[in-house]
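Pasting query37.txt here (compact mmCIF, C-alpha atoms and all ligand atoms):
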```txt
# COMPACT_ATOMS: atom_id res chain seq x y z
CA MET A 1 -74.90 23.68 75.63
CA ALA A 2 -78.30 24.68 74.24
CA GLN A 3 -76.97 26.38 71.11
CA GLN A 4 -77.07 24.28 67.94
CA LEU A 5 -76.05 24.67 64.36
CA ALA A 6 -78.76 25.17 61.76
CA ASP A 7 -79.93 21.99 60.03
CA ARG A 8 -78.53 23.14 56.70
CA MET A 9 -75.00 22.67 58.06
CA ASN A 10 -75.59 18.89 58.16
CA VAL A 11 -75.54 18.71 54.37
CA LEU A 12 -72.59 21.00 53.70
CA GLY A 13 -69.56 18.94 52.70
CA THR A 14 -65.90 19.86 52.44
CA GLU A 15 -62.94 19.45 50.13
CA SER A 16 -60.90 16.32 50.78
CA ALA A 17 -57.69 18.04 49.66
CA PHE A 18 -57.74 20.06 52.87
CA GLU A 19 -58.26 16.91 54.96
CA VAL A 20 -55.33 15.11 53.30
CA LEU A 21 -53.16 18.19 53.57
CA ALA A 22 -53.80 18.27 57.35
CA LYS A 23 -52.83 14.59 57.65
CA ALA A 24 -49.68 15.12 55.57
CA LYS A 25 -48.70 18.12 57.72
CA ALA A 26 -49.15 16.01 60.87
CA LEU A 27 -46.78 13.36 59.46
CA GLU A 28 -44.30 16.08 58.46
CA ALA A 29 -44.40 17.44 62.00
CA GLN A 30 -43.22 13.98 63.13
CA GLY A 31 -40.23 14.32 60.79
CA LYS A 32 -41.57 12.28 57.84
CA LYS A 33 -40.91 13.55 54.32
CA ILE A 34 -44.06 13.85 52.20
CA ILE A 35 -44.25 14.65 48.48
CA HIS A 36 -47.39 16.69 47.90
CA LEU A 37 -49.34 15.51 44.88
CA GLU A 38 -52.72 16.25 46.47
CA ILE A 39 -52.71 20.01 46.06
CA GLY A 40 -54.58 21.60 43.16
CA GLU A 41 -52.47 24.69 42.70
CA PRO A 42 -49.63 25.69 40.38
CA ASP A 43 -46.25 25.62 42.13
CA PHE A 44 -45.06 28.63 40.10
CA ASP A 45 -44.77 32.23 41.28
CA THR A 46 -47.32 34.83 40.21
CA PRO A 47 -45.73 36.80 37.31
CA GLU A 48 -43.55 39.68 38.49
CA HIS A 49 -45.47 42.44 36.66
CA VAL A 50 -48.69 41.30 38.36
CA ARG A 51 -47.11 41.42 41.82
CA GLN A 52 -45.65 44.86 41.11
CA THR A 53 -49.03 46.19 39.96
CA ALA A 54 -50.59 45.12 43.29
CA ILE A 55 -47.83 46.88 45.25
CA ASP A 56 -48.22 50.03 43.15
CA ALA A 57 -52.02 49.89 43.60
CA ILE A 58 -51.66 49.72 47.39
CA ASN A 59 -49.26 52.66 47.34
CA ALA A 60 -51.65 54.59 45.10
CA GLY A 61 -54.37 54.19 47.74
CA HIS A 62 -56.53 51.47 46.19
CA THR A 63 -57.30 50.15 49.64
CA HIS A 64 -60.98 51.03 50.02
CA TYR A 65 -64.36 49.54 49.12
CA VAL A 66 -65.03 49.33 45.41
CA PRO A 67 -68.25 48.56 43.45
CA ALA A 68 -69.72 45.15 44.36
CA PRO A 69 -69.52 43.58 40.88
CA GLY A 70 -65.93 44.77 40.36
CA ILE A 71 -64.01 47.86 39.24
CA PRO A 72 -64.86 49.04 35.69
CA LEU A 73 -61.18 48.69 34.64
CA LEU A 74 -61.22 44.96 35.44
CA ARG A 75 -64.69 44.19 34.09
CA GLU A 76 -63.58 45.76 30.80
CA ALA A 77 -60.27 43.84 30.88
CA VAL A 78 -62.19 40.55 31.28
CA VAL A 79 -64.27 41.36 28.19
CA GLU A 80 -61.15 42.18 26.14
CA PHE A 81 -59.38 39.05 27.40
CA LEU A 82 -62.28 36.80 26.37
CA ASP A 83 -62.28 38.48 22.98
CA ARG A 84 -58.46 38.21 22.63
CA PHE A 85 -58.66 34.42 22.94
CA ASP A 86 -61.84 34.12 20.86
CA ARG A 87 -63.75 32.67 23.78
CA LEU A 88 -66.76 34.97 23.99
CA GLU A 89 -68.05 38.35 22.86
CA THR A 90 -69.67 40.00 25.83
CA THR A 91 -70.04 43.32 27.67
CA PRO A 92 -68.62 44.56 31.02
CA ASP A 93 -72.07 44.82 32.63
CA ARG A 94 -72.35 41.01 32.52
CA VAL A 95 -69.07 40.42 34.37
CA ILE A 96 -68.93 39.95 38.13
CA ILE A 97 -65.59 39.82 39.97
CA THR A 98 -65.42 37.63 43.08
CA PRO A 99 -62.81 36.55 45.67
CA GLY A 100 -61.78 33.36 43.82
CA ALA A 101 -63.77 31.53 41.16
CA LYS A 102 -65.49 29.34 43.76
CA PRO A 103 -68.02 32.06 44.73
CA ILE A 104 -69.36 31.99 41.15
CA MET A 105 -70.49 28.40 41.86
CA PHE A 106 -72.17 29.59 45.03
CA LEU A 107 -73.88 32.48 43.23
CA ALA A 108 -75.12 30.30 40.35
CA ILE A 109 -76.52 27.60 42.61
CA MET A 110 -78.10 29.98 45.14
CA LEU A 111 -79.68 32.05 42.35
CA LEU A 112 -81.25 29.17 40.49
CA ALA A 113 -82.13 26.21 42.68
CA GLY A 114 -84.04 25.47 45.88
CA PRO A 115 -86.17 22.68 47.33
CA GLY A 116 -87.77 20.58 44.61
CA ASP A 117 -85.21 21.66 41.97
CA GLU A 118 -82.46 19.48 40.53
CA ILE A 119 -78.89 20.28 39.57
CA VAL A 120 -77.08 17.93 37.22
CA TYR A 121 -73.31 17.76 37.73
CA PRO A 122 -70.33 15.52 36.85
CA ASP A 123 -69.35 12.47 38.93
CA PRO A 124 -66.41 12.31 39.48
CA GLY A 125 -66.42 16.07 39.88
CA PHE A 126 -65.40 19.04 42.00
CA PRO A 127 -66.93 18.26 45.43
CA MET A 128 -68.50 21.70 45.90
CA TYR A 129 -71.04 21.13 43.11
CA GLU A 130 -72.85 18.50 45.17
CA SER A 131 -72.22 20.14 48.52
CA LEU A 132 -73.59 23.56 47.50
CA THR A 133 -76.57 21.98 45.73
CA LYS A 134 -77.57 20.26 48.96
CA PHE A 135 -76.91 23.44 50.94
CA ALA A 136 -79.37 25.26 48.65
CA GLY A 137 -81.95 22.58 49.50
CA ALA A 138 -81.96 21.29 45.92
CA THR A 139 -81.40 17.72 44.74
CA PRO A 140 -78.01 16.78 43.30
CA VAL A 141 -78.21 14.56 40.18
CA PRO A 142 -74.78 13.21 39.20
CA TYR A 143 -73.96 12.29 35.60
CA PRO A 144 -71.19 9.69 35.28
CA LEU A 145 -67.89 10.32 33.52
CA ARG A 146 -66.48 6.99 32.41
CA GLU A 147 -62.91 5.95 31.75
CA GLU A 148 -64.04 4.06 28.60
CA ASN A 149 -65.08 7.46 27.25
CA ASP A 150 -61.85 9.22 28.36
CA PHE A 151 -63.90 10.68 31.24
CA ARG A 152 -65.81 12.90 28.78
CA VAL A 153 -69.55 13.58 29.01
CA ASP A 154 -71.78 10.97 27.36
CA PRO A 155 -74.66 13.08 25.92
CA GLU A 156 -77.07 10.12 25.88
CA GLU A 157 -76.52 9.38 29.56
CA LEU A 158 -76.79 13.07 30.36
CA LYS A 159 -80.03 13.48 28.42
CA ALA A 160 -81.65 10.64 30.37
CA LEU A 161 -81.08 12.51 33.67
CA ILE A 162 -82.79 15.75 32.65
CA THR A 163 -86.28 16.30 34.07
CA PRO A 164 -88.70 19.26 34.16
CA ARG A 165 -87.17 20.03 37.58
CA THR A 166 -83.60 20.44 36.23
CA LYS A 167 -82.59 24.04 36.88
CA LEU A 168 -78.87 23.95 36.24
CA LEU A 169 -76.41 21.75 34.37
CA ILE A 170 -72.79 21.99 35.49
CA VAL A 171 -70.06 21.30 32.95
CA ASN A 172 -66.34 21.42 33.77
CA THR A 173 -63.68 21.35 31.08
CA PRO A 174 -60.75 20.74 31.36
CA HIS A 175 -61.88 18.59 34.20
CA ASN A 176 -60.97 18.22 37.86
CA PRO A 177 -60.21 15.44 38.90
CA CYS A 178 -60.03 13.48 35.61
CA GLY A 179 -58.08 15.91 33.40
CA ALA A 180 -60.56 15.33 30.55
CA ALA A 181 -60.97 17.99 27.88
CA LEU A 182 -64.29 18.09 26.03
CA THR A 183 -64.31 18.19 22.22
CA LYS A 184 -66.21 20.66 20.07
CA GLU A 185 -68.75 17.90 19.32
CA ASP A 186 -69.20 17.18 23.04
CA CYS A 187 -69.94 20.86 23.65
CA GLU A 188 -72.40 20.99 20.76
CA ALA A 189 -74.23 17.92 22.08
CA ILE A 190 -74.42 19.40 25.60
CA ALA A 191 -75.65 22.73 24.21
CA GLU A 192 -78.36 20.95 22.24
CA ILE A 193 -79.63 19.28 25.43
CA ALA A 194 -79.58 22.59 27.35
CA ILE A 195 -81.44 24.44 24.60
CA ALA A 196 -84.03 21.68 24.01
CA ASN A 197 -84.81 21.53 27.74
CA ASP A 198 -84.49 25.24 28.51
CA ILE A 199 -81.72 24.75 31.09
CA ILE A 200 -79.01 27.15 32.30
CA VAL A 201 -75.44 25.83 32.13
CA LEU A 202 -72.67 26.67 34.57
CA SER A 203 -69.51 26.28 32.50
CA ASP A 204 -66.55 25.87 34.86
CA GLU A 205 -63.52 26.76 32.77
CA VAL A 206 -60.89 27.55 35.42
CA TYR A 207 -58.43 25.23 33.62
CA TRP A 208 -59.20 26.55 30.11
CA ALA A 209 -55.59 27.66 29.45
CA LEU A 210 -54.17 24.22 30.24
CA THR A 211 -54.77 21.77 27.37
CA TYR A 212 -52.12 19.51 25.86
CA GLY A 213 -51.23 17.70 22.67
CA ASP A 214 -54.03 17.72 20.11
CA ASN A 215 -56.55 18.91 22.68
CA GLU A 216 -57.82 22.47 22.43
CA HIS A 217 -60.13 24.16 24.87
CA HIS A 218 -63.78 24.03 23.80
CA SER A 219 -66.84 25.46 25.50
CA VAL A 220 -70.61 25.46 25.15
CA LEU A 221 -70.14 29.21 24.63
CA GLU A 222 -68.93 28.48 21.10
CA ILE A 223 -72.62 27.94 20.30
CA PRO A 224 -74.16 31.45 19.99
CA GLU A 225 -77.58 30.34 21.32
CA MET A 226 -75.84 29.47 24.59
CA HIS A 227 -74.74 33.05 25.38
CA ASP A 228 -77.98 33.88 27.16
CA ARG A 229 -78.21 30.61 29.07
CA THR A 230 -74.62 30.10 30.25
CA ILE A 231 -72.79 31.31 33.33
CA LEU A 232 -69.07 31.27 32.57
CA LEU A 233 -66.89 30.58 35.63
CA ASP A 234 -63.21 31.43 35.35
CA GLY A 235 -60.46 33.07 37.36
CA TRP A 236 -56.84 33.81 37.95
CA SER A 237 -55.88 30.93 40.29
CA LYS A 238 -54.82 28.32 37.76
CA THR A 239 -53.99 30.37 34.64
CA PHE A 240 -51.70 32.86 36.37
CA ALA A 241 -50.61 30.88 39.47
CA MET A 242 -52.65 33.21 41.71
CA THR A 243 -54.52 30.82 44.06
CA GLY A 244 -53.76 32.85 47.17
CA TRP A 245 -54.92 36.15 45.69
CA ARG A 246 -58.54 34.94 45.66
CA LEU A 247 -59.67 36.34 42.35
CA GLY A 248 -62.31 34.97 40.02
CA TYR A 249 -65.00 36.14 37.66
CA GLY A 250 -68.31 35.07 36.19
CA VAL A 251 -70.06 36.18 33.02
CA PHE A 252 -73.81 35.97 33.61
CA PRO A 253 -76.95 36.18 31.48
CA GLU A 254 -78.16 39.79 31.77
CA TRP A 255 -81.18 39.04 33.99
CA MET A 256 -78.99 37.34 36.59
CA VAL A 257 -76.50 40.17 37.11
CA GLU A 258 -78.57 42.29 39.53
CA PRO A 259 -79.58 39.38 41.82
CA ALA A 260 -76.02 38.00 41.70
CA THR A 261 -74.72 41.43 42.72
CA ARG A 262 -77.21 41.48 45.59
CA LEU A 263 -75.79 38.16 46.80
CA VAL A 264 -72.27 39.61 46.59
CA ILE A 265 -73.38 42.63 48.65
CA ASN A 266 -74.94 40.31 51.23
CA THR A 267 -71.80 38.21 51.60
CA VAL A 268 -68.45 39.81 50.73
CA SER A 269 -69.41 43.39 49.64
CA CYS A 270 -66.70 43.41 46.98
CA THR A 271 -63.38 41.88 45.98
CA SER A 272 -60.07 43.36 47.24
CA ALA A 273 -59.46 46.64 45.41
CA PHE A 274 -55.70 46.47 44.81
CA SER A 275 -55.94 42.80 43.80
CA GLN A 276 -58.32 43.80 41.04
CA HIS A 277 -55.70 46.14 39.57
CA ALA A 278 -53.21 43.27 39.58
CA ALA A 279 -55.83 41.01 37.99
CA ALA A 280 -56.25 43.48 35.14
CA ALA A 281 -52.46 43.53 34.63
CA ALA A 282 -52.48 39.72 34.37
CA LEU A 283 -55.18 39.78 31.69
CA THR A 284 -53.71 42.55 29.57
CA GLY A 285 -50.05 41.59 30.01
CA PRO A 286 -47.75 39.15 28.19
CA TRP A 287 -48.70 35.50 27.80
CA ASN A 288 -45.21 33.98 27.77
CA GLU A 289 -45.18 32.96 31.45
CA VAL A 290 -48.49 31.13 31.05
CA GLU A 291 -47.05 29.34 27.99
CA ALA A 292 -43.89 28.39 29.90
CA MET A 293 -45.96 27.03 32.80
CA LYS A 294 -48.10 25.01 30.39
CA LYS A 295 -45.01 23.56 28.70
CA GLU A 296 -43.62 22.45 32.04
CA PHE A 297 -46.99 20.93 33.05
CA ASP A 298 -47.03 19.00 29.78
CA ALA A 299 -43.59 17.49 30.47
CA ARG A 300 -44.71 16.48 33.98
CA ARG A 301 -47.93 15.05 32.60
CA GLN A 302 -46.03 12.71 30.30
CA LEU A 303 -43.69 11.74 33.12
CA ILE A 304 -46.44 10.89 35.58
CA VAL A 305 -48.65 9.03 33.06
CA ASP A 306 -45.72 6.82 31.99
CA GLY A 307 -44.57 6.29 35.58
CA LEU A 308 -48.05 5.34 36.86
CA ASN A 309 -48.53 2.90 33.98
CA ASP A 310 -45.29 1.27 35.10
CA ILE A 311 -46.63 0.47 38.60
CA PRO A 312 -48.22 -3.00 38.87
CA GLY A 313 -52.00 -2.82 39.30
CA ILE A 314 -52.25 0.82 38.15
CA SER A 315 -53.20 2.11 34.70
CA CYS A 316 -53.63 5.70 33.63
CA VAL A 317 -55.27 7.32 30.59
CA ASP A 318 -53.63 10.35 29.03
CA PRO A 319 -55.39 13.49 30.33
CA GLY A 320 -56.03 16.27 27.80
CA GLY A 321 -55.99 19.19 30.23
CA ALA A 322 -55.74 20.72 33.75
CA PHE A 323 -52.90 19.33 35.93
CA TYR A 324 -54.42 16.12 37.24
CA VAL A 325 -54.22 12.42 36.42
CA PHE A 326 -56.88 9.97 37.54
CA PRO A 327 -55.35 6.48 37.38
CA ASN A 328 -57.36 3.28 37.68
CA ILE A 329 -56.24 1.26 40.74
CA LYS A 330 -58.88 -1.49 40.62
CA GLU A 331 -56.35 -4.26 39.99
CA THR A 332 -54.57 -3.54 43.26
CA GLY A 333 -57.62 -5.06 44.99
CA VAL A 334 -57.89 -2.30 47.63
CA ASP A 335 -60.25 0.66 47.77
CA SER A 336 -59.06 4.12 46.87
CA LYS A 337 -58.95 5.50 50.41
CA ALA A 338 -56.91 2.51 51.64
CA LEU A 339 -54.40 2.94 48.80
CA MET A 340 -54.21 6.70 49.43
CA ASN A 341 -53.39 5.98 53.09
CA HIS A 342 -50.88 3.29 52.10
CA PHE A 343 -49.01 5.68 49.80
CA MET A 344 -49.07 8.45 52.39
CA GLU A 345 -47.76 6.28 55.23
CA ASN A 346 -45.38 3.95 53.35
CA ALA A 347 -44.26 5.87 50.26
CA GLY A 348 -44.46 9.40 51.70
CA VAL A 349 -46.71 10.47 48.83
CA ALA A 350 -49.90 12.47 49.36
CA CYS A 351 -52.70 12.10 46.81
CA LEU A 352 -56.51 12.09 46.93
CA TRP A 353 -58.84 9.10 46.86
CA GLY A 354 -61.23 8.88 43.91
CA SER A 355 -64.51 8.52 45.80
CA ALA A 356 -63.87 11.92 47.40
CA PHE A 357 -65.04 13.21 44.00
CA GLY A 358 -68.24 11.12 43.90
CA ALA A 359 -69.27 7.47 43.89
CA GLN A 360 -68.04 6.99 40.31
CA GLY A 361 -64.54 7.91 41.44
CA GLU A 362 -64.12 4.72 43.48
CA GLY A 363 -61.31 2.59 42.03
CA TYR A 364 -59.23 5.66 41.12
CA LEU A 365 -56.78 8.06 42.74
CA ARG A 366 -56.16 11.69 41.86
CA PHE A 367 -52.62 13.01 41.57
CA SER A 368 -51.85 16.64 40.88
CA TYR A 369 -48.65 17.12 38.90
CA ALA A 370 -48.22 20.67 40.11
CA ASN A 371 -44.87 19.65 41.61
CA SER A 372 -41.31 19.46 40.26
CA GLN A 373 -40.22 16.69 37.87
CA GLU A 374 -37.66 15.66 40.48
CA ASN A 375 -40.37 15.21 43.13
CA ILE A 376 -42.69 13.43 40.70
CA ILE A 377 -39.93 10.94 39.85
CA ALA A 378 -39.19 10.37 43.54
CA ALA A 379 -42.91 9.85 44.25
CA LEU A 380 -43.30 7.37 41.38
CA ASP A 381 -40.23 5.42 42.55
CA ALA A 382 -41.51 5.29 46.14
CA MET A 383 -44.98 4.14 45.08
CA LYS A 384 -43.58 1.46 42.80
CA ALA A 385 -41.30 0.23 45.56
CA THR A 386 -44.13 -0.04 48.11
CA ILE A 387 -47.07 -1.21 45.97
CA GLY A 388 -46.21 -4.85 46.70
CA GLU A 389 -46.77 -4.26 50.44
CA VAL A 390 -50.35 -3.05 50.06
CA SER A 391 -52.58 -5.22 52.27
CA LYS A 392 -55.82 -6.41 50.77
C1 LIG B 401 -63.00 22.68 38.84
C2 LIG B 401 -62.67 23.84 39.72
N1 LIG B 401 -63.46 24.91 39.69
C3 LIG B 401 -63.23 25.98 40.47
C4 LIG B 401 -62.15 26.02 41.33
C5 LIG B 401 -61.98 27.21 42.24
O1 LIG B 401 -60.89 28.00 41.96
P1 LIG B 401 -60.54 29.29 42.84
O2 LIG B 401 -59.28 28.99 43.57
O3 LIG B 401 -60.35 30.40 41.84
O4 LIG B 401 -61.67 29.58 43.75
C6 LIG B 401 -61.29 24.92 41.39
C7 LIG B 401 -60.16 24.89 42.35
O5 LIG B 401 -59.54 23.93 42.62
C8 LIG B 401 -61.55 23.80 40.56
O6 LIG B 401 -60.77 22.71 40.57
```
Serialized structure, structure tokens:
Amino acid sequence: MAQQLADRMNVLGTESAFEVLAKAKALEAQGKKIIHLEIGEPDFDTPEHVRQTAIDAINAGHTHYVPAPGIPLLREAVVEFLDRFDRLETTPDRVIITPGAKPIMFLAIMLLAGPGDEIVYPDPGFPMYESLTKFAGATPVPYPLREENDFRVDPEELKALITPRTKLLIVNTPHNPCGAALTKEDCEAIAEIAIANDIIVLSDEVYWALTYGDNEHHSVLEIPEMHDRTILLDGWSKTFAMTGWRLGYGVFPEWMVEPATRLVINTVSCTSAFSQHAAAAALTGPWNEVEAMKKEFDARRQLIVDGLNDIPGISCVDPGGAFYVFPNIKETGVDSKALMNHFMENAGVACLWGSAFGAQGEGYLRFSYANSQENIIAALDAMKATIGEVSK
């Protein structure tokens, strides 16, 4: 066949979670039982009042195109929500609603970087940061997150990677896959680097509501000088157990809103109308279901950290946020993909291999604890029972 894909498709990556999920489903089709600890989504139901609002919105006829950056009701609700939790003072004209939070990454990267430009991002980190940077023709520059530093950003190492070509710095807290939560001091140090070098920051805060113990959510947006150089990325998927609704938002510096809206018009036109009404109900409604979900995640977190530390060859630091653990498996003597396959085939446990999140992730696995305590216990037991059989 003469037809060929465009060259740019050669550099576009994918998300390993979907690959592992496909393999797990194939094993399940053969009758094998798999415990899913690879999936990055809350296993809770979307709150009832949110679901009802969507149904009412459909019945009220909110089934047509709406303005590209979002309906005024929701853009205003985002502003009030950010104010309610003391996260940011902003205005509705800076808010853009998208189908999921992921498109905000796409918008930020496409708006700011092209050939010859550099984007600095965390390694390990969410795979789309690197993939989209390459797709834009820009150069990905990973900054390492190290276990010795609780997988938090080391400002000195970060500073050394900034060049006159750096167009965007991506920060993610709480962090996927490591579960790290940045401190106020970390955020201040990152902000100082961004300001000194005149760089825009993409602050990925989709897990902001999920911090545990003494950890509180902190953001570069706590530094007022950052308001005009930060794109805030957030959404409904993780906070309100709404992954399948595909709802996210970004808060952009003023000068980026019109071009970002143009990109939205060129790709998706707008976000589902009735979903946006439900999204507003989530933001303005009660917070008790989010609190209950967080409490349950915290119990699972403690369970999985203790259980992993009890498996020979595996050690796990206490994560401060999100719903992931990133245990060190170096003492098992096998690489992360081999151990992932071993656990899938012999223990019936699906997880992700660390290097799927960048070169620095080798020697680690990622487990999501968005599963019941009962299943987590069964998974830990099965992994402990089969770790001795791992072939080096
Ligand atoms: C760090 C991070 N950012 C963004 C997203 C995207 O979330 P959404 O489902 O709202 O597109 C995810 C989803 O897993 C994530 O882990």
Inset, instruction - In Å, rounded to a single decimal, give me how far atom CA of Leu221 of chain A is from atom CA of Trp245 of chain A. - result: 26.9 Å
Legend entry - Pick from A:Gly125, A:Gly114, A:Pro92, A:Pro99 nearest to Asp234 of chain A, counting all atoms listed in the file: A:Pro99
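Atom to atom, atom CA of Thr14 of chain A and atom CA of Gly100 of chain A stand 16.5 Å apart.
When all atoms listed in the file are used to compute distances to ligand LIG 401 (chain B), the closest of the residues A:Ala241, A:Met383, A:Val390, A:Ala292 turns out to be A:Ala241.
Ranking A:Glu374, A:His36, A:Tyr212, A:Glu192 by their shortest atom-to-atom distance to Lys295 of chain A, with all atoms listed in the file included, puts A:Tyr212 first.
Across the model, the gap from atom CA of Ala180 of chain A to atom CA of Gly285 of chain A is 28.3 Å.
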Inset, instruction - Enumerate as a PyMOL selection string the residues within 8 Å of ligand LIG 401 (chain B), counting all atoms listed in the file. - result: chain A and resi 40-41+99-103+105+125-126+172-173+175-177+204-207+233-238+243-244+246-248
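Of the residues under consideration (A:Ile231, A:Leu161, A:Met128, A:Cys316), A:Met128 shows the shortest atom-to-atom contact distance to Glu15 of chain A when counting only C-alpha atoms.
Here the question is which of A:Phe151, A:Phe240, A:Phe252, A:Tyr364 gets nearest to Gly320 of chain A using only C-alpha atoms, and that residue is A:Phe151.
You can rank A:Met110, A:Ala57, A:Leu12, A:Val50 by their closest distance to Ser131 of chain A using all atoms listed in the file, and at the top of that list sits A:Leu12.
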Using all atoms listed in the file, find each residue in segment 148-172 of chain A having at least one atom no more than 12 Å away from segment 184-188 of chain A; report its shortest atom-to-atom pair and that distance in Å (one decimal), rows by chain then rising number, as a Markdown table.
```
| residue | atom | partner | partner_atom | distance |
| --- | --- | --- | --- | --- |
| A:Asn149 | CA | A:Asp186 | CA | 11.4 |
| A:Phe151 | CA | A:Asp186 | CA | 11.7 |
| A:Arg152 | CA | A:Asp186 | CA | 7.9 |
| A:Val153 | CA | A:Asp186 | CA | 7.0 |
| A:Asp154 | CA | A:Asp186 | CA | 8.0 |
| A:Pro155 | CA | A:Asp186 | CA | 7.4 |
| A:Glu156 | CA | A:Asp186 | CA | 10.9 |
| A:Leu158 | CA | A:Asp186 | CA | 11.3 |
| A:Val171 | CA | A:Cys187 | CA | 9.3 |
| A:Asn172 | CA | A:Cys187 | CA | 10.8 |
```
Legend entry - Distance query Asn375 of chain A at most 10 Å, all atoms listed in the file, self and fewer than 3 positions along chain excluded, as a ChimeraX atom specification: /A:34-37,349,369,371-372,378-381
Legend entry - Within 8 Å of segment 266-282 of chain A using all atoms listed in the file, minus same-chain residues under 4 positions, as a PyMOL selection string: chain A and resi 47+49-55+57-58+62-71+73-74+77-78+97-99+236+240+245+247+262+286
Legend entry - Shell of 9 Å around Ala350 of chain A, only C-alpha atoms, local chain residues under 5 positions omitted, as a VMD selection string: chain A and resid 20 to 21 24 34 to 39 340 to 341 343 to 345 367
Which residues, written as a compact mmCIF listing (two decimals) with C-alpha atoms, in the frame of the given file, have at least one atom at most 9 Å from segment 116-122 of chain A, with only C-alpha atoms counted and residues fewer than 2 positions away on the same chain left out?
```
# COMPACT_ATOMS: atom_id res chain seq x y z
CA ILE A 109 -76.52 27.60 42.61
CA LEU A 112 -81.25 29.17 40.49
CA ALA A 113 -82.13 26.21 42.68
CA GLY A 114 -84.04 25.47 45.88
CA PRO A 124 -66.41 12.31 39.48
CA GLY A 125 -66.42 16.07 39.88
CA PHE A 126 -65.40 19.04 42.00
CA TYR A 129 -71.04 21.13 43.11
CA GLU A 130 -72.85 18.50 45.17
CA THR A 133 -76.57 21.98 45.73
CA GLY A 137 -81.95 22.58 49.50
CA ALA A 138 -81.96 21.29 45.92
CA THR A 139 -81.40 17.72 44.74
CA PRO A 140 -78.01 16.78 43.30
CA VAL A 141 -78.21 14.56 40.18
CA PRO A 142 -74.78 13.21 39.20
CA TYR A 143 -73.96 12.29 35.60
CA PRO A 144 -71.19 9.69 35.28
CA LEU A 145 -67.89 10.32 33.52
CA VAL A 153 -69.55 13.58 29.01
CA LEU A 158 -76.79 13.07 30.36
CA LEU A 161 -81.08 12.51 33.67
CA ILE A 162 -82.79 15.75 32.65
CA THR A 163 -86.28 16.30 34.07
CA PRO A 164 -88.70 19.26 34.16
CA ARG A 165 -87.17 20.03 37.58
CA THR A 166 -83.60 20.44 36.23
CA LYS A 167 -82.59 24.04 36.88
CA LEU A 168 -78.87 23.95 36.24
CA LEU A 169 -76.41 21.75 34.37
CA ILE A 170 -72.79 21.99 35.49
CA VAL A 171 -70.06 21.30 32.95
CA ASN A 172 -66.34 21.42 33.77
CA GLY A 358 -68.24 11.12 43.90
```
Legend entry - Residues within 6 Å of (-54.5, 10.4, 45.1), file coords, all atoms listed in the file, listed as a list in words: Met340, Cys351, Leu352, Trp353, Leu365, Arg366 and Phe367 of chain A
Inset, instruction - Select all residues near (-80.1, 36.8, 31.2) (cut-off 12 Å, inclusive, file coordinates), counting all atoms listed in the file, and output them as an MDAnalysis selection string. - result: chainID A and resid 93:94 200:201 226:231 251:260
